[in-house]
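This report concerns only the one structure given below.
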Amino acid sequence: MKIKLTLAHLYPDNMNLYGDLGNIVTLEKRCSWRQIDLEIIKVNVGDSIDLEKVDLLFLGGGQDQGQKIIATDLLKRKEEIQKEIDRGLVALTICGGFQLFGQYFQTKTEKIPGIGVFDSYTVAGEKRLIGNVVVDISKSSQEWTPGFNHFTPKDKRATLVGFENHSGQTILGSKCKPLGYIKKGFGNRGDGGYEGGVYKNAFGTYLHGSLLPKNPWFADYLISLAYFRRYHDNIDLALLDDQIELEAHRAALTRAETAKTVSI
Amino acid sequence: MRILIANLIAKIARTASRLTKSGGGTTLPGLLAEKIAPNIITKLAGRLPQGTIIITGTNGKTTTAKMLAAILEASGLKVIYNSSGSNLSRGIASFLSLNSNLLGTKVNADIGIFEVDEATMPEITGKISPRLIIVTNLFRDQLDRYGELNKTAEIIGSAIDKSPQSTVLLNGDDPLVADLKKFSHKIRYFGIDEPLVSKSTGAIDSKICLHCGHELDYEYRYFGHLGRYQCPNCGYKKPDLDYKFTKLDLKVDESTALFKNNSEKEDFTIKTKLPGLYNLYNALAACAIASELGIKTFIIQTALEQVSAAFGRMETIAIGKKRLALLLVKNPTGFTQVIETLTYDKKPKNLFLILNDKFADGTDISWIWDAELEMINRLTKNVTVSGLRAEDMLLRLKYADFDLKQILLEKNIALALAAALEKTNDNEVLYVLPTYTAMLELRKILFNRGLVKGLVE
C-alpha cells in the first residue's frame, strides 16, 4: 500500500515571505522521490480543516500586516492545534509563524496573543537582526521529542544553515527547548545564544534561506516524524543522492564565515 | 564659492578614478561634492529650466528612465539622467555636479530625469522639488536592506508628502502604490486595462487592503499583485486610469499595445523592441509621464520604437556568431517575469544563471525559491550556474525538476562564461540572468575583452 501523508500549509496567501515555498517544495519532492504521496492542503483565513487527518503543519513568516490578520484566525484554532500537537502532529513554524506559536508577541504598540504551543514569548527589539546563520544542534537534538515516540534522527548532522531577518526577540520558558545554539549569527534574543524552539514534534525557528533545501536531513526527520504520527511506526527512509544539497550546505557554512551580518 | 570647490573636487575625483580605473567614478565625486557643499543637489537641480522628473519603485526604474529620455530628446529637449548604479543621493550629486559648469550657475540640460531608490526618496524630495514623481510598482526586493514592503510604501509616502507641488503618477494596478494617493492632491493613474491571465501561480506579495486589513479580491492578475482588485469589505479598488494600455500583444522580442490618454481623443499603437509584460509597463510609465509633460503622442510613439534595452535588461551583445542576451534579475517577481518571457516561444534555450549575495544583490538569497523556475524546466538545452551562491542556484534547479545532466556549475564567472559560450551553438542566443553585482562583474569581463564599450551605459 502506498504511504500517504498530509501537509497543511497555514495561510500561504498571507504568510509567505522569504522563500517559504522552498520548504514546501522540498518536503513534496523528498516524499515523491520515495514514492510517498504527500497531499498539500492550503489553509487560508476562514477555511475549515480537520487536523486529525493532518500529519504535518507548516506556517511561514509574514509582514506585520499579514501577521495581524491571521493572528485572529489562528486563535480560533488554538485548542485544536494544541490537542493535535500533544498527539504527535508535526509542525514547522518559521519567523513570524514561530512567534505566533508562542504565548504572545509584544510589539511597541500592542500585545498580539499567540496560541501557546511553545512556552515562549516575543518582544519587539530595537534593531533588525539580519544575516547568515549557522546553528549547532548536536547537543540540543538529544532532547527533541523526549518520551513521546521512540524515533530519534539516526543520521544526525551537527548544523543547520540559513538566514535570519527579524526584529522580534523570542525568549523560551522551561517547557520549550531550543532548536540549537548559534555558531554564527544572532539567534532568538540577538545575543548569539540559543535559536528556535521545540515542543514535542513542533519546531520553531528564525531560519529561512530556505531552511529545508539546504538541510535535507532535517526535512527527512520531519517526514519520518509525520510517518510515525500517521502509522504509529518508525520508517527507514530510502537514502537519496544529496550531493547537491550538501554542497549548498557547505557553501552556506563558508559564506556565513565570510559575509558580514548587520543589524539596522 | 563652496559649489565651485565642490564641482572642482568632483571633476578631479572622476578624472582620478578614470585614470586609475579604480571604479567608483559614479559615486565618489558626489560623495565629496556633498561633503563640501551640502546644498549642491538643491542648488544645481534648481538650475534646470524644465525641472526634474523622479522615477522610483521596485522594478523598471532604469528602463523607464531610458525610454522617457528618448522621448524627451525626440521632442527637442536636452536631457540629463543618472545611469544605473548611482540612484542614491551621492550618485545624484555626482551626476549634477559633473553636468554643470564650474561656478554652478548653469546645468548643461533643459530637464533632469532622476532614478531614485525607494529608501533615498525622502532625502531627495527634501532637497529638490520635482515637477513630477512616478511610482512604478512595489515588490519584495532586498528585504534585508529595507525591511518590509509596507514600510517601503510609507517611506515613499513621506517623500511625496514633502513635495506638495509635484504631480504624482501612480501605478493604479498596484494596490500598494495606488494607495499613496493620500499623500498628494495632484494624482494621476496609469495602468493596464485588459483581462490577462498570468501563468504565474506563485505567491502574491501583498494581498491585503491597506485601509481595512481585509483580503483583496482579484478579478484578474497581470503579475505579482498587479491586476484588477477590489476590497470586499471597504470597497477600496483599482482606480479609474488616466493613462492606459489595452489590446496587448506580447512576443519574446517585441510587444505592442494601444495607448489611451483620457484627455486626448485618439488612441495610438505603441510598439517596443523590449520583451515581456514588465517592459510594456515601463513603456506605459514613460508614455504617461511624457503625456503629462504635454508631449504629443506621435512623438512618443516614434521615439519609443527606437529604444533598445537598458543596461542588462535584455541587452544583446554579439560574440562571434553567438549572441548574449543579458537579463538582470533582482527579486522573485522580476525573476519570474523574465522566465515567463523566455517561454513565449518554445525553442530550447541556452541559460546562464549567476547568483551573487553581496549587499547590492541582497544578502538573503531565499527569494530564488519564490521565483517560478519550474515554468522553463523543459525549455532548456543547457544550463550554466555561477556566482558566489552558485550551489544554491543549482539546488533550486534540482527542486524545480531541471534535467541535472544539462547543468554545469562553475563558481568563477569568467570560466563559467567561457563554458556556457562553448555549449552555445553558432547563431544561437545565450540568455544570461545575473544578479546586480554579478552583472557588473560580467560586464567587466566583456569590457576587458573589448566586447562592450563601457562599464556602464
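Starting from 1 in every chain, residues are counted up; chains themselves are A, B, ... following the order of the C-alpha cells, and ligands are numbered from 1 as listed.
The protein and nucleic acid residues lying at most 9 Å from range 262-273 of chain B are B:Leu241, B:Asp242, B:Tyr243, B:Lys244, B:Phe245, B:Asp253, B:Glu254, B:Ser255, B:Thr256, B:Asn279, B:Leu280, B:Ala283, B:Leu284, B:Thr297, B:Phe298, B:Ile300, B:Gln301, B:Thr302, B:Leu304, B:Glu305, B:Gln306, B:Val307, B:Ser308, B:Ala309, with only C-alpha atoms considered and sequence neighbours fewer than 6 positions away removed.
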Deliver the residues from the most recent selection as a file, using N, CA and C atoms, as a PDB file, in the first residue's frame.
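Dumped everything to selection_35.pdb:
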```
ATOM      1  N   LEU B 241      -8.321  54.901 -14.593  1.00  0.00           N
ATOM      2  CA  LEU B 241      -6.987  55.214 -15.092  1.00  0.00           C
ATOM      3  C   LEU B 241      -7.006  56.445 -16.000  1.00  0.00           C
ATOM      4  N   ASP B 242      -6.000  57.311 -15.826  1.00  0.00           N
ATOM      5  CA  ASP B 242      -5.848  58.459 -16.715  1.00  0.00           C
ATOM      6  C   ASP B 242      -5.081  58.077 -17.979  1.00  0.00           C
ATOM      7  N   TYR B 243      -4.126  57.164 -17.815  1.00  0.00           N
ATOM      8  CA  TYR B 243      -3.328  56.697 -18.954  1.00  0.00           C
ATOM      9  C   TYR B 243      -3.338  55.183 -18.932  1.00  0.00           C
ATOM     10  N   LYS B 244      -3.697  54.580 -20.077  1.00  0.00           N
ATOM     11  CA  LYS B 244      -3.733  53.122 -20.027  1.00  0.00           C
ATOM     12  C   LYS B 244      -3.335  52.444 -21.323  1.00  0.00           C
ATOM     13  N   PHE B 245      -2.932  51.184 -21.194  1.00  0.00           N
ATOM     14  CA  PHE B 245      -2.668  50.307 -22.330  1.00  0.00           C
ATOM     15  C   PHE B 245      -3.807  49.294 -22.431  1.00  0.00           C
ATOM     16  N   ASP B 253      10.562  38.952 -28.529  1.00  0.00           N
ATOM     17  CA  ASP B 253      11.451  40.047 -28.913  1.00  0.00           C
ATOM     18  C   ASP B 253      10.767  41.404 -29.141  1.00  0.00           C
ATOM     19  N   GLU B 254       9.452  41.477 -29.086  1.00  0.00           N
ATOM     20  CA  GLU B 254       8.810  42.798 -29.145  1.00  0.00           C
ATOM     21  C   GLU B 254       7.366  42.707 -28.633  1.00  0.00           C
ATOM     22  N   SER B 255       6.800  43.858 -28.303  1.00  0.00           N
ATOM     23  CA  SER B 255       5.424  43.889 -27.823  1.00  0.00           C
ATOM     24  C   SER B 255       4.729  45.126 -28.363  1.00  0.00           C
ATOM     25  N   THR B 256       3.412  45.022 -28.514  1.00  0.00           N
ATOM     26  CA  THR B 256       2.645  46.210 -28.881  1.00  0.00           C
ATOM     27  C   THR B 256       1.432  46.349 -27.957  1.00  0.00           C
ATOM     28  N   ASN B 279       8.158  45.084 -19.456  1.00  0.00           N
ATOM     29  CA  ASN B 279       8.653  46.190 -20.283  1.00  0.00           C
ATOM     30  C   ASN B 279       7.524  47.021 -20.881  1.00  0.00           C
ATOM     31  N   LEU B 280       6.369  46.387 -21.099  1.00  0.00           N
ATOM     32  CA  LEU B 280       5.222  47.181 -21.534  1.00  0.00           C
ATOM     33  C   LEU B 280       4.805  48.144 -20.428  1.00  0.00           C
ATOM     34  N   ALA B 283       7.121  51.012 -20.703  1.00  0.00           N
ATOM     35  CA  ALA B 283       6.746  51.864 -21.836  1.00  0.00           C
ATOM     36  C   ALA B 283       5.525  52.712 -21.466  1.00  0.00           C
ATOM     37  N   LEU B 284       4.571  52.088 -20.787  1.00  0.00           N
ATOM     38  CA  LEU B 284       3.373  52.813 -20.364  1.00  0.00           C
ATOM     39  C   LEU B 284       3.730  53.941 -19.398  1.00  0.00           C
ATOM     40  N   THR B 297       1.515  62.609 -28.752  1.00  0.00           N
ATOM     41  CA  THR B 297       1.579  61.151 -28.760  1.00  0.00           C
ATOM     42  C   THR B 297       2.404  60.603 -29.924  1.00  0.00           C
ATOM     43  N   PHE B 298       2.348  61.274 -31.098  1.00  0.00           N
ATOM     44  CA  PHE B 298       3.109  60.706 -32.230  1.00  0.00           C
ATOM     45  C   PHE B 298       4.620  60.782 -32.011  1.00  0.00           C
ATOM     46  N   ILE B 300       5.983  60.465 -29.002  1.00  0.00           N
ATOM     47  CA  ILE B 300       6.189  59.364 -28.053  1.00  0.00           C
ATOM     48  C   ILE B 300       6.305  58.044 -28.816  1.00  0.00           C
ATOM     49  N   GLN B 301       5.358  57.878 -29.723  1.00  0.00           N
ATOM     50  CA  GLN B 301       5.257  56.637 -30.486  1.00  0.00           C
ATOM     51  C   GLN B 301       6.541  56.346 -31.281  1.00  0.00           C
ATOM     52  N   THR B 302       7.015  57.338 -32.024  1.00  0.00           N
ATOM     53  CA  THR B 302       8.215  57.127 -32.847  1.00  0.00           C
ATOM     54  C   THR B 302       9.447  56.918 -31.976  1.00  0.00           C
ATOM     55  N   LEU B 304       9.711  55.788 -28.876  1.00  0.00           N
ATOM     56  CA  LEU B 304       9.714  54.525 -28.130  1.00  0.00           C
ATOM     57  C   LEU B 304      10.129  53.346 -29.000  1.00  0.00           C
ATOM     58  N   GLU B 305       9.727  53.386 -30.246  1.00  0.00           N
ATOM     59  CA  GLU B 305      10.038  52.274 -31.136  1.00  0.00           C
ATOM     60  C   GLU B 305      11.536  52.097 -31.331  1.00  0.00           C
ATOM     61  N   GLN B 306      12.288  53.216 -31.160  1.00  0.00           N
ATOM     62  CA  GLN B 306      13.742  53.175 -31.378  1.00  0.00           C
ATOM     63  C   GLN B 306      14.514  52.711 -30.142  1.00  0.00           C
ATOM     64  N   VAL B 307      13.859  52.673 -28.993  1.00  0.00           N
ATOM     65  CA  VAL B 307      14.604  52.413 -27.751  1.00  0.00           C
ATOM     66  C   VAL B 307      15.056  50.961 -27.674  1.00  0.00           C
ATOM     67  N   SER B 308      16.349  50.782 -27.411  1.00  0.00           N
ATOM     68  CA  SER B 308      16.849  49.424 -27.190  1.00  0.00           C
ATOM     69  C   SER B 308      16.969  49.192 -25.688  1.00  0.00           C
ATOM     70  N   ALA B 309      17.329  47.977 -25.332  1.00  0.00           N
ATOM     71  CA  ALA B 309      17.321  47.614 -23.916  1.00  0.00           C
ATOM     72  C   ALA B 309      18.295  48.438 -23.093  1.00  0.00           C
TER      73      ALA B 309
END
```
| Which parts of range 260-315 of chain B does DSSP call helix (DSSP H, G or I) when run on the backbone here, written out as a list in words? | Leu277, Tyr278, Asn279, Leu280, Tyr281, Asn282, Ala283, Leu284, Ala285, Ala286, Cys287, Ala288, Ile289, Ala290, Ser291, Glu292, Thr297, Phe298, Ile299, Ile300, Gln301, Thr302, Ala303, Leu304, Glu305 and Gln306 of chain B
| task | For chain A, work out the contacting residues on chain B at 7 Å, counting only C-alpha atoms, and write them as a VMD selection string. | result | chain B and resid 144 148 203 to 204 213 364 to 367 369 to 370 391 to 392 395 399
| field | Long-range neighbours of Tyr227 in chain A as JSON, numbers by chain, 10 Å cut-off, only C-alpha atoms, 3 positions minimum in chain | value | {"A": [3, 4, 5, 6, 36, 55, 56, 90, 221, 222, 223, 224, 230, 231, 232, 233, 234, 235, 237]}
Kindly save the residues from that selection, with N, CA and C atoms included, as a tab-separated table (two decimals), in the first residue's frame.
```
chain	number	residue	atom	x	y	z
A	3	ILE	N	2.29	4.76	0.81
A	3	ILE	CA	2.27	5.62	2.00
A	3	ILE	C	1.70	6.98	1.62
A	4	LYS	N	0.79	7.47	2.44
A	4	LYS	CA	0.20	8.76	2.15
A	4	LYS	C	0.28	9.65	3.38
A	5	LEU	N	0.83	10.84	3.20
A	5	LEU	CA	0.92	11.81	4.30
A	5	LEU	C	0.25	13.10	3.88
A	6	THR	N	-0.18	13.87	4.87
A	6	THR	CA	-0.90	15.11	4.57
A	6	THR	C	-0.22	16.30	5.23
A	36	ILE	N	6.37	8.36	-1.72
A	36	ILE	CA	5.41	8.71	-0.66
A	36	ILE	C	4.51	9.81	-1.22
A	55	ASP	N	-0.81	15.44	9.10
A	55	ASP	CA	0.39	14.91	9.74
A	55	ASP	C	1.45	15.97	9.95
A	56	LEU	N	1.44	16.95	9.07
A	56	LEU	CA	2.48	17.98	9.12
A	56	LEU	C	1.86	19.35	8.91
A	90	VAL	N	3.12	16.95	13.64
A	90	VAL	CA	4.41	17.59	13.40
A	90	VAL	C	4.16	19.01	12.89
A	221	TYR	N	13.83	14.21	8.62
A	221	TYR	CA	13.45	13.98	10.01
A	221	TYR	C	11.98	14.32	10.21
A	222	LEU	N	11.55	15.45	9.64
A	222	LEU	CA	10.14	15.86	9.74
A	222	LEU	C	9.24	14.84	9.04
A	223	ILE	N	9.68	14.33	7.89
A	223	ILE	CA	8.89	13.34	7.17
A	223	ILE	C	8.76	12.05	8.01
A	224	SER	N	9.86	11.65	8.64
A	224	SER	CA	9.82	10.46	9.49
A	224	SER	C	8.86	10.63	10.66
A	230	ARG	N	1.21	9.22	11.56
A	230	ARG	CA	0.12	8.59	10.82
A	230	ARG	C	0.05	7.09	11.05
A	231	TYR	N	1.24	6.42	11.04
A	231	TYR	CA	1.24	4.95	11.03
A	231	TYR	C	1.71	4.32	12.34
A	232	HIS	N	2.02	5.15	13.34
A	232	HIS	CA	2.48	4.68	14.65
A	232	HIS	C	3.61	3.67	14.55
A	233	ASP	N	4.54	3.95	13.66
A	233	ASP	CA	5.66	3.04	13.48
A	233	ASP	C	6.84	3.85	12.94
A	234	ASN	N	8.05	3.33	13.14
A	234	ASN	CA	9.21	4.01	12.56
A	234	ASN	C	9.35	3.66	11.09
A	235	ILE	N	9.99	4.56	10.35
A	235	ILE	CA	10.20	4.28	8.94
A	235	ILE	C	11.69	4.45	8.62
A	237	LEU	N	13.64	5.69	5.90
A	237	LEU	CA	13.50	6.41	4.63
A	237	LEU	C	14.62	5.99	3.68
```
| field | Å distance separating CA of Leu388 in chain B from CA of Leu353 in chain B, one decimal place | value | 11.4 Å
| field | Selection: 6 Å around range 93-106 of chain B, only C-alpha atoms, excl. self and same-chain fewer than 2 positions, as an MDAnalysis selection string | value | chainID B and resid 4 7 29:30 41 90:91 108
| query | Near Ala158 in chain A, within 9 Å and counting only C-alpha atoms, which residues show up once chain neighbours fewer than 6 positions away are dropped, as a list in words? | reply | Val135, Asp136, Ile137, Ser138 and Lys139 of chain A
Restricting it to C-alpha atoms, dump the selection as a PDB file, in the first residue's frame.
```pdb
ATOM      1  CA  VAL A 135      23.160  26.669  14.269  1.00  0.00           C
ATOM      2  CA  ASP A 136      24.806  23.870  16.227  1.00  0.00           C
ATOM      3  CA  ILE A 137      22.189  21.245  17.079  1.00  0.00           C
ATOM      4  CA  SER A 138      24.445  18.372  18.113  1.00  0.00           C
ATOM      5  CA  LYS A 139      23.546  18.782  21.793  1.00  0.00           C
TER       6      LYS A 139
END
```
| field | Residue contacts of range 286-295 of chain B (7 Å, only C-alpha atoms) excluding same-chain residues fewer than 6 positions away, as a list in words | value | Thr64, Met67, Leu68, Phe190 and Tyr243 of chain B
| message | I want to know what sits within 12 Å of Lys182 in chain B, based on only C-alpha atoms, with residues of the same chain fewer than 6 positions away left out; could you give that as an MDAnalysis selection string? | response | chainID B and resid 153:154 156:158 160:161 164 168 170 176 210:211
Output the selection as a tab-separated table (two decimals), in the first residue's frame - C-alpha atoms for each residue.
```
chain	number	residue	atom	x	y	z
B	153	ALA	CA	5.39	52.31	0.87
B	154	GLU	CA	5.39	54.51	3.98
B	156	ILE	CA	7.79	56.81	-0.37
B	157	GLY	CA	4.61	58.33	1.04
B	158	SER	CA	6.59	60.56	3.39
B	160	ILE	CA	5.65	62.58	-1.61
B	161	ASP	CA	4.27	64.44	1.38
B	164	PRO	CA	3.14	69.01	-2.42
B	168	VAL	CA	2.35	62.27	-8.75
B	170	LEU	CA	0.86	56.16	-9.61
B	176	LEU	CA	0.12	49.40	-2.51
B	210	LEU	CA	-4.29	48.84	3.43
B	211	HIS	CA	-7.45	50.58	4.56
```
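With only C-alpha atoms as the atoms that count, the residue of B:Leu404, B:Glu34, B:Thr363, B:Leu409 with the shortest distance to Thr258 in chain A is B:Thr363.
Across the structure, CA of Gly276 in chain B and CA of Ile55 in chain B are spaced 20.2 Å apart.
Closest approach to Leu57 in chain A among A:Ile171, A:Ala202, A:Cys95, A:Leu212 is made by A:Ala202 (distances from only C-alpha atoms).
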| said: Residues of range 165-238 of chain A classed as strand (DSSP E) by DSSP on the backbone are to be reported as an NGL selection string. | reply: :A and (165-172 or 180-184 or 194-195 or 197-199 or 202-205)
